[in-house]
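As stored in entry-v3.pdb (PDB, C-alpha atoms):
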```
ATOM      1  CA  MET Z   1       8.823  25.879  30.353
ATOM      2  CA  ASN Z   2      10.331  25.836  33.831
ATOM      3  CA  SER Z   3      13.110  23.543  34.930
ATOM      4  CA  ASP Z   4      10.785  21.293  36.907
ATOM      5  CA  LEU Z   5       8.902  20.297  33.776
ATOM      6  CA  LYS Z   6      12.129  19.814  31.817
ATOM      7  CA  ASN Z   7      13.417  17.212  34.217
ATOM      8  CA  LYS Z   8      10.389  14.937  33.842
ATOM      9  CA  GLY Z   9      10.349  12.015  31.424
ATOM     10  CA  MET Z  10      13.395  10.443  29.816
ATOM     11  CA  SER Z  11      16.775  11.904  28.802
ATOM     12  CA  LEU Z  12      17.461  14.660  26.265
ATOM     13  CA  ILE Z  13      18.395  12.196  23.485
ATOM     14  CA  VAL Z  14      15.087  10.368  23.775
ATOM     15  CA  LYS Z  15      13.167  13.646  23.849
ATOM     16  CA  THR Z  16      14.886  14.973  20.700
ATOM     17  CA  ILE Z  17      14.323  11.742  18.747
ATOM     18  CA  THR Z  18      10.704  11.661  19.925
ATOM     19  CA  ARG Z  19      10.162  15.226  18.743
ATOM     20  CA  LEU Z  20      11.407  14.190  15.291
ATOM     21  CA  THR Z  21       9.543  10.894  14.942
ATOM     22  CA  VAL Z  22       6.204  11.324  16.677
ATOM     23  CA  GLY Z  23       4.730  13.447  13.886
ATOM     24  CA  LEU Z  24       5.728  10.863  11.289
ATOM     25  CA  ILE Z  25       4.156   8.041  13.309
ATOM     26  CA  LEU Z  26       0.937  10.029  13.714
ATOM     27  CA  LEU Z  27       0.872  10.832   9.994
ATOM     28  CA  TYR Z  28       1.428   7.151   9.112
ATOM     29  CA  GLY Z  29      -1.478   6.145  11.349
ATOM     30  CA  ILE Z  30      -3.775   8.692   9.684
ATOM     31  CA  TYR Z  31      -2.591   7.434   6.260
ATOM     32  CA  ILE Z  32      -3.410   3.825   7.188
ATOM     33  CA  VAL Z  33      -6.896   4.847   8.406
ATOM     34  CA  LEU Z  34      -7.739   6.947   5.336
ATOM     35  CA  HIS Z  35      -6.397   4.413   2.802
ATOM     36  CA  GLY Z  36      -8.061   1.414   4.454
ATOM     37  CA  HIS Z  37     -10.117   0.625   1.344
ATOM     38  CA  ILE Z  38      -7.159   0.851  -1.073
ATOM     39  CA  SER Z  39      -4.153  -0.726   0.668
ATOM     40  CA  PRO Z  40      -3.750  -3.188   3.569
ATOM     41  CA  GLY Z  41      -4.644  -1.757   6.949
ATOM     42  CA  GLY Z  42      -7.862  -0.126   7.997
ATOM     43  CA  GLY Z  43      -9.472   1.517  10.960
ATOM     44  CA  PHE Z  44      -8.256  -0.874  13.638
ATOM     45  CA  ALA Z  45      -4.557  -1.045  12.656
ATOM     46  CA  GLY Z  46      -4.340   2.696  11.948
ATOM     47  CA  GLY Z  47      -6.086   3.505  15.207
ATOM     48  CA  VAL Z  48      -3.595   1.443  17.193
ATOM     49  CA  ILE Z  49      -0.705   3.238  15.415
ATOM     50  CA  ILE Z  50      -2.208   6.636  16.397
ATOM     51  CA  ALA Z  51      -2.575   5.427  19.993
ATOM     52  CA  LEU Z  52       1.068   4.276  19.929
ATOM     53  CA  ALA Z  53       2.172   7.753  18.785
ATOM     54  CA  PHE Z  54       0.535   9.343  21.835
ATOM     55  CA  ILE Z  55       1.934   6.620  24.125
ATOM     56  CA  HIS Z  56       5.402   7.294  22.632
ATOM     57  CA  LEU Z  57       4.986  10.984  23.493
ATOM     58  CA  MET Z  58       3.847  10.092  26.986
ATOM     59  CA  LEU Z  59       6.743   7.704  27.709
ATOM     60  CA  ALA Z  60       9.308  10.281  26.570
ATOM     61  CA  PHE Z  61       7.907  13.513  28.027
ATOM     62  CA  GLY Z  62       5.948  12.352  31.074
ATOM     63  CA  LYS Z  63       2.203  12.425  31.532
ATOM     64  CA  ASP Z  64       1.722  16.143  32.155
ATOM     65  CA  GLU Z  65       2.758  17.161  28.623
ATOM     66  CA  VAL Z  66       0.208  14.785  27.088
ATOM     67  CA  LEU Z  67      -2.561  15.650  29.545
ATOM     68  CA  LYS Z  68      -2.157  19.282  28.406
ATOM     69  CA  ILE Z  69      -3.028  18.250  24.814
ATOM     70  CA  LEU Z  70      -5.548  15.513  25.591
ATOM     71  CA  PRO Z  71      -7.344  15.606  28.958
ATOM     72  CA  VAL Z  72      -9.116  12.414  29.997
ATOM     73  CA  THR Z  73     -12.618  13.841  29.542
ATOM     74  CA  PHE Z  74     -11.706  14.911  25.983
ATOM     75  CA  VAL Z  75     -10.353  11.418  25.189
ATOM     76  CA  SER Z  76     -13.514   9.832  26.528
ATOM     77  CA  LEU Z  77     -15.714  12.243  24.563
ATOM     78  CA  LEU Z  78     -13.903  11.663  21.237
ATOM     79  CA  GLU Z  79     -13.952   7.886  21.751
ATOM     80  CA  SER Z  80     -17.713   7.933  22.238
ATOM     81  CA  LEU Z  81     -18.001  10.210  19.182
ATOM     82  CA  GLY Z  82     -16.225   7.571  17.068
ATOM     83  CA  ALA Z  83     -18.654   4.890  18.231
ATOM     84  CA  VAL Z  84     -21.627   7.166  17.498
ATOM     85  CA  LEU Z  85     -20.200   7.958  14.027
ATOM     86  CA  PHE Z  86     -19.994   4.263  13.129
ATOM     87  CA  LEU Z  87     -23.499   3.593  14.465
ATOM     88  CA  SER Z  88     -24.913   6.596  12.620
ATOM     89  CA  ILE Z  89     -23.466   5.274   9.332
ATOM     90  CA  ALA Z  90     -25.329   2.040  10.046
ATOM     91  CA  ILE Z  91     -28.578   3.911  10.751
ATOM     92  CA  LEU Z  92     -28.122   6.172   7.685
ATOM     93  CA  GLY Z  93     -28.549   3.001   5.655
ATOM     94  CA  PHE Z  94     -32.273   3.198   6.400
ATOM     95  CA  LEU Z  95     -32.451   6.191   4.025
ATOM     96  CA  GLY Z  96     -31.556   3.818   1.176
ATOM     97  CA  GLY Z  97     -33.593   0.856   2.368
ATOM     98  CA  TYR Z  98     -32.194  -1.319   5.159
ATOM     99  CA  PHE Z  99     -29.687  -1.369   8.022
ATOM    100  CA  PHE Z 100     -26.087  -0.817   6.841
ATOM    101  CA  MET Z 101     -27.140  -0.279   3.224
ATOM    102  CA  ASP Z 102     -24.341   1.444   1.325
ATOM    103  CA  TRP Z 103     -26.132   4.048  -0.765
ATOM    104  CA  PHE Z 104     -23.200   6.492  -0.926
ATOM    105  CA  ALA Z 105     -21.702   7.334  -4.349
ATOM    106  CA  LYS Z 106     -19.132   4.672  -5.220
ATOM    107  CA  GLY Z 107     -16.670   6.443  -7.535
ATOM    108  CA  LYS Z 108     -13.779   4.745  -9.327
ATOM    109  CA  PRO Z 109     -11.439   2.122  -7.796
ATOM    110  CA  PHE Z 110      -7.993   3.239  -6.533
ATOM    111  CA  LYS Z 111      -9.256   6.781  -5.811
ATOM    112  CA  LEU Z 112      -9.181   8.120  -2.235
ATOM    113  CA  PHE Z 113     -12.862   9.107  -2.263
ATOM    114  CA  SER Z 114     -14.365   5.877  -3.497
ATOM    115  CA  ALA Z 115     -15.991   2.741  -2.108
ATOM    116  CA  GLY Z 116     -18.992   4.460  -0.553
ATOM    117  CA  SER Z 117     -19.342   4.351   3.213
ATOM    118  CA  ILE Z 118     -16.174   2.293   3.901
ATOM    119  CA  ILE Z 119     -13.957   5.367   4.341
ATOM    120  CA  PHE Z 120     -16.361   6.945   6.867
ATOM    121  CA  SER Z 121     -16.615   3.658   8.784
ATOM    122  CA  ASN Z 122     -12.811   3.482   8.835
ATOM    123  CA  ILE Z 123     -12.576   7.020  10.229
ATOM    124  CA  GLY Z 124     -15.122   6.205  12.955
ATOM    125  CA  ILE Z 125     -13.407   2.958  13.942
ATOM    126  CA  GLY Z 126      -9.980   4.633  13.862
ATOM    127  CA  LEU Z 127     -11.138   7.422  16.176
ATOM    128  CA  LYS Z 128     -12.736   4.905  18.519
ATOM    129  CA  VAL Z 129      -9.840   2.431  18.668
ATOM    130  CA  SER Z 130      -7.072   5.046  18.953
ATOM    131  CA  LEU Z 131      -8.597   7.089  21.741
ATOM    132  CA  GLY Z 132     -10.056   4.014  23.468
ATOM    133  CA  LEU Z 133      -6.701   2.235  23.737
ATOM    134  CA  PHE Z 134      -4.891   5.474  24.626
ATOM    135  CA  GLY Z 135      -7.555   6.132  27.280
ATOM    136  CA  ILE Z 136      -6.954   2.703  28.838
ATOM    137  CA  PHE Z 137      -3.187   3.386  28.988
ATOM    138  CA  LEU Z 138      -3.746   6.887  30.411
ATOM    139  CA  VAL Z 139      -6.119   5.653  33.107
ATOM    140  CA  LEU Z 140      -3.716   2.861  34.148
ATOM    141  CA  ILE Z 141      -0.798   5.333  34.420
ATOM    142  CA  LEU Z 142      -2.868   7.853  36.388
ATOM    143  CA  LEU Z 143      -4.033   5.161  38.801
ATOM    144  CA  LYS Z 144      -0.440   3.963  39.323
ATOM    145  CA  PHE Z 145       0.700   7.555  39.982
ATOM    146  CA  LYS Z 146      -2.169   8.104  42.422
ATOM    147  CA  ALA Z 147      -1.407   4.853  44.266
ATOM    148  CA  LYS Z 148       2.266   5.796  44.576
ATOM    149  CA  LYS Z 149       1.396   9.170  46.062
TER     150      LYS Z 149
ATOM    151  CA  MET S   1       5.521 -25.082   4.337
ATOM    152  CA  PHE S   2       9.075 -25.700   5.638
ATOM    153  CA  GLU S   3       9.630 -22.164   6.963
ATOM    154  CA  LEU S   4       6.107 -22.224   8.397
ATOM    155  CA  ASN S   5       6.929 -25.299  10.482
ATOM    156  CA  ILE S   6      10.128 -23.698  11.782
ATOM    157  CA  LEU S   7       8.187 -20.579  12.823
ATOM    158  CA  LEU S   8       5.489 -22.665  14.526
ATOM    159  CA  ILE S   9       8.117 -24.594  16.523
ATOM    160  CA  PHE S  10       9.749 -21.269  17.455
ATOM    161  CA  MET S  11       6.382 -19.958  18.690
ATOM    162  CA  ILE S  12       5.753 -23.070  20.788
ATOM    163  CA  ILE S  13       9.237 -22.771  22.340
ATOM    164  CA  GLY S  14       8.565 -19.093  23.106
ATOM    165  CA  ALA S  15       5.258 -19.922  24.786
ATOM    166  CA  LEU S  16       6.882 -22.671  26.877
ATOM    167  CA  ILE S  17       9.663 -20.291  27.993
ATOM    168  CA  ALA S  18       7.032 -17.678  28.881
ATOM    169  CA  ILE S  19       5.270 -20.191  31.139
ATOM    170  CA  GLU S  20       8.338 -21.706  32.777
ATOM    171  CA  VAL S  21      10.622 -18.716  33.413
ATOM    172  CA  LYS S  22      10.546 -17.222  36.928
ATOM    173  CA  ASP S  23      11.144 -13.560  36.037
ATOM    174  CA  LEU S  24       8.020 -11.738  34.831
ATOM    175  CA  LEU S  25       9.876  -9.354  32.501
ATOM    176  CA  SER S  26      11.574 -12.277  30.719
ATOM    177  CA  ALA S  27       8.174 -13.945  30.343
ATOM    178  CA  VAL S  28       6.792 -10.791  28.691
ATOM    179  CA  VAL S  29       9.764 -10.700  26.287
ATOM    180  CA  ALA S  30       9.193 -14.367  25.377
ATOM    181  CA  VAL S  31       5.509 -13.658  24.669
ATOM    182  CA  GLY S  32       6.584 -10.769  22.438
ATOM    183  CA  ALA S  33       8.983 -12.988  20.457
ATOM    184  CA  SER S  34       6.197 -15.516  19.931
ATOM    185  CA  GLY S  35       3.829 -12.767  18.711
ATOM    186  CA  LEU S  36       6.385 -11.355  16.255
ATOM    187  CA  ALA S  37       6.870 -14.862  14.829
ATOM    188  CA  LEU S  38       3.085 -15.010  14.347
ATOM    189  CA  CYS S  39       3.328 -11.745  12.383
ATOM    190  CA  ILE S  40       5.876 -13.338   9.999
ATOM    191  CA  VAL S  41       3.579 -16.384   9.680
ATOM    192  CA  PHE S  42       0.760 -14.071   8.536
ATOM    193  CA  LEU S  43       3.103 -12.478   5.985
ATOM    194  CA  ILE S  44       4.091 -15.905   4.602
ATOM    195  CA  LEU S  45       0.412 -16.883   4.353
ATOM    196  CA  LYS S  46      -0.165 -13.634   2.343
ATOM    197  CA  ALA S  47      -2.403 -11.803   4.828
ATOM    198  CA  PRO S  48      -0.781  -8.343   5.167
ATOM    199  CA  ASP S  49      -3.840  -6.855   6.923
ATOM    200  CA  LEU S  50      -3.534  -9.354   9.747
ATOM    201  CA  ALA S  51       0.258  -8.913   9.860
ATOM    202  CA  ILE S  52      -0.045  -5.137  10.337
ATOM    203  CA  THR S  53      -2.708  -5.536  13.029
ATOM    204  CA  GLN S  54      -0.744  -8.296  14.777
ATOM    205  CA  ILE S  55       2.568  -6.402  14.983
ATOM    206  CA  VAL S  56       0.912  -3.156  16.110
ATOM    207  CA  VAL S  57      -1.305  -4.729  18.784
ATOM    208  CA  GLU S  58       1.633  -6.884  19.949
ATOM    209  CA  ILE S  59       3.769  -3.783  20.558
ATOM    210  CA  LEU S  60       0.923  -2.004  22.390
ATOM    211  CA  CYS S  61       0.341  -5.052  24.606
ATOM    212  CA  LEU S  62       4.089  -5.323  25.294
ATOM    213  CA  ILE S  63       4.251  -1.691  26.407
ATOM    214  CA  ILE S  64       1.227  -2.076  28.689
ATOM    215  CA  LEU S  65       2.506  -5.394  30.126
ATOM    216  CA  ILE S  66       6.007  -4.009  30.758
ATOM    217  CA  ARG S  67       4.534  -0.939  32.474
ATOM    218  CA  ALA S  68       2.370  -3.246  34.564
ATOM    219  CA  THR S  69       4.897  -5.939  35.455
ATOM    220  CA  ILE S  70       8.145  -4.025  35.839
ATOM    221  CA  LYS S  71       9.572  -3.921  39.394
ATOM    222  CA  LYS S  72       6.935  -6.422  40.505
ATOM    223  CA  ASP S  73       7.480 -10.089  41.258
ATOM    224  CA  LEU S  74       4.269 -12.001  41.799
ATOM    225  CA  PRO S  75       4.707 -15.151  43.895
ATOM    226  CA  PHE S  76       3.795 -18.464  42.323
ATOM    227  CA  SER S  77       0.843 -20.176  43.960
ATOM    228  CA  THR S  78       1.647 -23.802  44.633
ATOM    229  CA  SER S  79      -0.727 -25.967  46.602
ATOM    230  CA  GLY S  80       0.059 -29.345  48.111
ATOM    231  CA  ARG S  81      -2.461 -31.270  46.002
ATOM    232  CA  TRP S  82       0.012 -32.176  43.251
ATOM    233  CA  PHE S  83      -1.511 -35.639  42.629
ATOM    234  CA  PHE S  84      -5.028 -34.262  41.985
ATOM    235  CA  ASN S  85      -3.653 -31.393  39.880
ATOM    236  CA  THR S  86      -1.574 -33.699  37.660
ATOM    237  CA  LEU S  87      -4.492 -36.123  37.270
ATOM    238  CA  ALA S  88      -6.913 -33.329  36.330
ATOM    239  CA  THR S  89      -4.432 -31.929  33.800
ATOM    240  CA  LEU S  90      -3.925 -35.344  32.179
ATOM    241  CA  VAL S  91      -7.697 -36.036  31.991
ATOM    242  CA  PHE S  92      -8.380 -32.626  30.447
ATOM    243  CA  LEU S  93      -5.531 -33.093  27.945
ATOM    244  CA  ALA S  94      -6.929 -36.478  26.903
ATOM    245  CA  ILE S  95     -10.475 -35.101  26.461
ATOM    246  CA  PHE S  96      -9.127 -32.100  24.550
ATOM    247  CA  ALA S  97      -6.997 -34.233  22.232
ATOM    248  CA  TYR S  98      -9.895 -36.623  21.511
ATOM    249  CA  LEU S  99     -12.388 -33.811  20.769
ATOM    250  CA  GLY S 100      -9.790 -32.023  18.650
ATOM    251  CA  TYR S 101      -9.178 -35.199  16.637
ATOM    252  CA  VAL S 102     -12.926 -35.679  16.066
ATOM    253  CA  ALA S 103     -13.533 -32.028  15.121
ATOM    254  CA  LEU S 104     -10.448 -31.400  12.964
ATOM    255  CA  LYS S 105     -11.018 -34.581  10.900
ATOM    256  CA  GLU S 106     -14.021 -32.899   9.264
ATOM    257  CA  LEU S 107     -12.190 -29.712   8.263
ATOM    258  CA  PRO S 108     -10.829 -29.264   4.720
ATOM    259  CA  SER S 109      -7.076 -29.764   4.368
ATOM    260  CA  PHE S 110      -4.634 -26.881   4.795
ATOM    261  CA  GLY S 111      -4.650 -24.483   1.829
ATOM    262  CA  ASN S 112      -7.799 -25.968   0.221
ATOM    263  CA  PRO S 113     -10.750 -23.987   1.620
ATOM    264  CA  ILE S 114     -14.373 -24.691   0.727
ATOM    265  CA  MET S 115     -15.130 -21.743  -1.565
ATOM    266  CA  LYS S 116     -18.882 -21.326  -1.090
ATOM    267  CA  VAL S 117     -19.426 -17.819   0.323
ATOM    268  CA  SER S 118     -15.855 -16.622  -0.147
ATOM    269  CA  GLN S 119     -15.974 -17.259  -3.888
ATOM    270  CA  PHE S 120     -18.960 -14.884  -4.093
ATOM    271  CA  TYR S 121     -17.031 -12.251  -2.118
ATOM    272  CA  LEU S 122     -13.961 -12.628  -4.339
ATOM    273  CA  ASN S 123     -16.014 -12.301  -7.519
ATOM    274  CA  GLU S 124     -18.336  -9.493  -6.496
ATOM    275  CA  ALA S 125     -16.363  -7.320  -4.027
ATOM    276  CA  LEU S 126     -14.696  -5.031  -6.574
ATOM    277  CA  LYS S 127     -17.836  -4.690  -8.671
ATOM    278  CA  GLU S 128     -20.203  -4.066  -5.775
ATOM    279  CA  THR S 129     -18.156  -1.797  -3.518
ATOM    280  CA  LYS S 130     -15.355  -0.397  -5.760
ATOM    281  CA  ALA S 131     -12.913  -1.036  -2.886
ATOM    282  CA  THR S 132      -9.613  -2.563  -3.968
ATOM    283  CA  ASN S 133      -8.849  -3.935  -0.500
ATOM    284  CA  ILE S 134     -11.226  -6.891  -0.430
ATOM    285  CA  VAL S 135     -10.708  -7.528   3.288
ATOM    286  CA  SER S 136     -11.920  -4.002   4.009
ATOM    287  CA  ALA S 137     -14.853  -4.478   1.627
ATOM    288  CA  ILE S 138     -15.903  -7.668   3.442
ATOM    289  CA  ILE S 139     -15.598  -6.433   7.026
ATOM    290  CA  LEU S 140     -17.128  -2.992   6.433
ATOM    291  CA  ASN S 141     -19.684  -3.674   3.712
ATOM    292  CA  PHE S 142     -20.779  -7.312   3.381
ATOM    293  CA  ARG S 143     -20.300  -8.155   7.053
ATOM    294  CA  ALA S 144     -20.575  -4.732   8.668
ATOM    295  CA  TYR S 145     -22.959  -6.131  11.266
ATOM    296  CA  ASP S 146     -20.103  -8.247  12.690
ATOM    297  CA  THR S 147     -17.873  -5.181  12.818
ATOM    298  CA  LEU S 148     -20.572  -3.249  14.670
ATOM    299  CA  GLY S 149     -20.633  -6.004  17.288
ATOM    300  CA  GLU S 150     -16.847  -5.953  17.536
ATOM    301  CA  ALA S 151     -16.850  -2.171  17.976
ATOM    302  CA  THR S 152     -19.474  -2.542  20.721
ATOM    303  CA  VAL S 153     -17.264  -5.091  22.506
ATOM    304  CA  LEU S 154     -14.281  -2.706  22.431
ATOM    305  CA  PHE S 155     -16.446   0.238  23.546
ATOM    306  CA  THR S 156     -17.836  -1.755  26.479
ATOM    307  CA  ALA S 157     -14.331  -2.895  27.474
ATOM    308  CA  VAL S 158     -12.982   0.669  27.448
ATOM    309  CA  MET S 159     -15.987   1.888  29.427
ATOM    310  CA  GLY S 160     -15.478  -0.888  32.002
ATOM    311  CA  VAL S 161     -11.771  -0.125  32.430
ATOM    312  CA  MET S 162     -12.457   3.591  32.782
ATOM    313  CA  ALA S 163     -15.126   2.930  35.402
ATOM    314  CA  LEU S 164     -12.951   0.483  37.371
ATOM    315  CA  MET S 165      -9.779   2.586  37.269
ATOM    316  CA  ARG S 166     -11.372   5.933  38.050
ATOM    317  CA  TRP S 167      -9.617   8.187  40.550
ATOM    318  CA  LYS S 168     -12.436  10.604  41.305
ATOM    319  CA  GLY S 169     -14.351   9.442  44.356
ATOM    320  CA  ARG S 170     -11.730   6.808  45.164
ATOM    321  CA  LYS S 171     -10.423   6.625  48.718
ATOM    322  CA  ASP S 172      -6.729   7.282  49.227
ATOM    323  CA  ILE S 173      -4.573   4.477  50.558
ATOM    324  CA  ALA S 174      -3.789   6.442  53.731
ATOM    325  CA  GLU S 175      -7.503   7.067  54.253
ATOM    326  CA  LYS S 176      -8.226   3.349  54.017
ATOM    327  CA  ASP S 177      -5.602   2.586  56.650
ATOM    328  CA  ASN S 178      -7.276   4.867  59.180
ATOM    329  CA  GLU S 179     -10.533   2.947  59.147
TER     330      GLU S 179
END
```
Rewritten as C-alpha cells:
Amino acid sequence: MNSDLKNKGMSLIVKTITRLTVGLILLYGIYIVLHGHISPGGGFAGGVIIALAFIHLMLAFGKDEVLKILPVTFVSLLESLGAVLFLSIAILGFLGGYFFMDWFAKGKPFKLFSAGSIIFSNIGIGLKVSLGLFGIFLVLILLKFKAKK
Amino acid sequence: MFELNILLIFMIIGALIAIEVKDLLSAVVAVGASGLALCIVFLILKAPDLAITQIVVEILCLIILIRATIKKDLPFSTSGRWFFNTLATLVFLAIFAYLGYVALKELPSFGNPIMKVSQFYLNEALKETKATNIVSAIILNFRAYDTLGEATVLFTAVMGVMALMRWKGRKDIAEKDNE
C-alpha cells in the first residue's frame, strides 16, 4: 500500500474502528437474511444491512478500496443474479403444479433448514436488494467524482 | 395510546421543521428524527419486522441524502402569484379533508381489524409452511406474487438509475462547453 492510497478516506481512528466493525455488520446482515423465516427480519432488511456495511467501508476508506473488491459490472451481475434466482424459484413451482407452489421439503419449525422455499427466496431478495442499493450509491459517487474532475 | 400520541405529535413537528427550515442539512436531520420516531411507533405497535426495515432504510436514505445535499444550497422558488397559490392550497385541503372524512368513516376502529383473510393466515401459517415468522410466511409463500412485483419494481428502479447515471459514453463538462 503506497502513501497515496493511505491518505484517502477518513482519519486513522475511523479506519481502525471500521476495520473492527465492518465484518460484524456484514455477518449480522447475513444472519438476518438466513434467519428470515425464524426471527424478525428477512431478505429486504438484511440486504439493506449488507449494503450499509459496504457503504461504511466506502465512506471510511474511499472508493478505490471498495472498487477493488466489487467492481460495478460485478455488482450489476450479482444483482441481476438475485432477481433471476427469485424468479426461478417462482417458475420451479410449475414442477409441483402451479406458479409459486412450494413443493420443497418443509422440515420442523425453528430449524434453519425448514419452511420450504422461503429461505431461498430470502437469499435471492437479499442478494438483489443489497447489491442493488449499493450499486445506486456507487454510481452516484462515481458520477459526482467524474463531474468534479 | 398515550405514548403513541406523543410520538405522532413529535413526527408532525419534525416534518414541519423539515419543510420550514432554510438549511438543507438541517432539513435532512429533521426528516431523520421523524423517521426514527416512526420506528419506535412500529415497536410499540408490536411489528418488529417493520421496525427493523424502517430504521435500516432510514439510515441508508440519510446517508444518500447527506452525500447529495451537503455543500449545496438550492434556492427556493417563489413566484409572485401568492393569491392563486394560497387559494389552490386551501381548495385542495378542503377537498382532501372531505374525502378523507368520507373514506375513513367506513374503516374499522383502531386496533379492531376485520379478521377475514388474516384469521386464516394466523391459523394456517405455521401448519402450512412450518415458518415461525408469520410475516415472512405471508409475504414469501401466501402472497409471493406481490413480492415478485415488488422485486421487479426495485430491479427496474436500479436499472433506471444505472442507465441514467452511467459515465461511459457521457460527455465531459469541458467538452460540453466547447460546443
Please define a box with edges along x, y and z of the file around all atoms of region 19-35 of chain S given in the file, extend it by 3 Å on each side, and return its centre and edge lengths in Å to one decimal, as AutoDock Vina command-line options.
```
--center_x 7.7 --center_y -15.5 --center_z 27.8 --size_x 13.7 --size_y 18.4 --size_z 24.2
```
Could you tell me which residues the ChimeraX specification (/S :<8) & /Z returns for this structure, as a VMD selection string?
chain Z and resid 36 to 42 44 to 45 48 to 49 52 80 83 86 to 87 100 102 106 to 110 114 to 116 118 121 125 128 to 129 132 to 133 135 to 137 139 to 140 142 to 143 146 to 147
Need to verify the contact set: region 18-23 of chain Z, 9 Å, only C-alpha atoms, exclusion of same-chain residues closer than 5 positions in sequence. Can you return it as a VMD selection string?
chain Z and resid 13 28 53 to 54 56 to 57 60 to 61
Include C-alpha atoms and write out the residues we just selected as a CSV table (one decimal), in the frame of the given file.
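So the final result, stored in selection.csv, reads:
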```csv
chain,number,residue,atom,x,y,z
Z,13,ILE,CA,18.4,12.2,23.5
Z,28,TYR,CA,1.4,7.2,9.1
Z,53,ALA,CA,2.2,7.8,18.8
Z,54,PHE,CA,0.5,9.3,21.8
Z,56,HIS,CA,5.4,7.3,22.6
Z,57,LEU,CA,5.0,11.0,23.5
Z,60,ALA,CA,9.3,10.3,26.6
Z,61,PHE,CA,7.9,13.5,28.0
```
Enter the distance from CA of Leu38 (chain S) to CA of Ile12 (chain S), in Å, rounded to one decimal.
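Interatomic distance, CA of Leu38 (chain S) to CA of Ile12 (chain S): 10.7 Å.
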State, in Å with one decimal place, the distance from CA of Ile25 (chain Z) to CA of Ile55 (chain Z).
11.1 Å
Just want the 8 Å neighbourhood of Met101 (chain Z), counted on all atoms listed in the file, with same-chain residues fewer than 4 positions away dropped. Output as a list of chain:residue names.
Z:Ala90, Z:Leu92, Z:Gly93, Z:Phe94, Z:Gly96, Z:Gly97
Might you spell out which residues the PyMOL selection byres ((chain Z and resi 62) around 10) would select in the displayed file, as an MDAnalysis selection string?
chainID Z and resid 5:10 55:61 63:67
Cut-off 7 Å around (-14.5, 8.3, 18.6) with only C-alpha atoms: residues as a PDB file with C-alpha atoms, in the coordinates of the input:
```pdb
ATOM      1  CA  LEU Z  78     -13.903  11.663  21.237  1.00  0.00           C
ATOM      2  CA  GLU Z  79     -13.952   7.886  21.751  1.00  0.00           C
ATOM      3  CA  SER Z  80     -17.713   7.933  22.238  1.00  0.00           C
ATOM      4  CA  LEU Z  81     -18.001  10.210  19.182  1.00  0.00           C
ATOM      5  CA  GLY Z  82     -16.225   7.571  17.068  1.00  0.00           C
ATOM      6  CA  ALA Z  83     -18.654   4.890  18.231  1.00  0.00           C
ATOM      7  CA  GLY Z 124     -15.122   6.205  12.955  1.00  0.00           C
ATOM      8  CA  LEU Z 127     -11.138   7.422  16.176  1.00  0.00           C
ATOM      9  CA  LYS Z 128     -12.736   4.905  18.519  1.00  0.00           C
ATOM     10  CA  LEU Z 131      -8.597   7.089  21.741  1.00  0.00           C
TER      11      LEU Z 131
END
```
If I take CA of Ile123 (chain Z) and CA of Phe120 (chain S), how far is one from the other in Å, to one decimal?
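Answer for the CA of Ile123 (chain Z) to CA of Phe120 (chain S) separation: 26.9 Å.
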Residue neighbourhood Phe10 (chain S), 12 Å, all atoms listed in the file, exclusion window fewer than 4 positions, as a list in words:
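Using all atoms listed in the file, the neighbours found are Glu3, Leu4, Asn5, Ile6, Gly14, Ala15, Leu16, Ile17, Ala30, Val31, Ala33, Ser34, Gly35, Leu36, Ala37, Leu38, Ile40 and Val41 of chain S.
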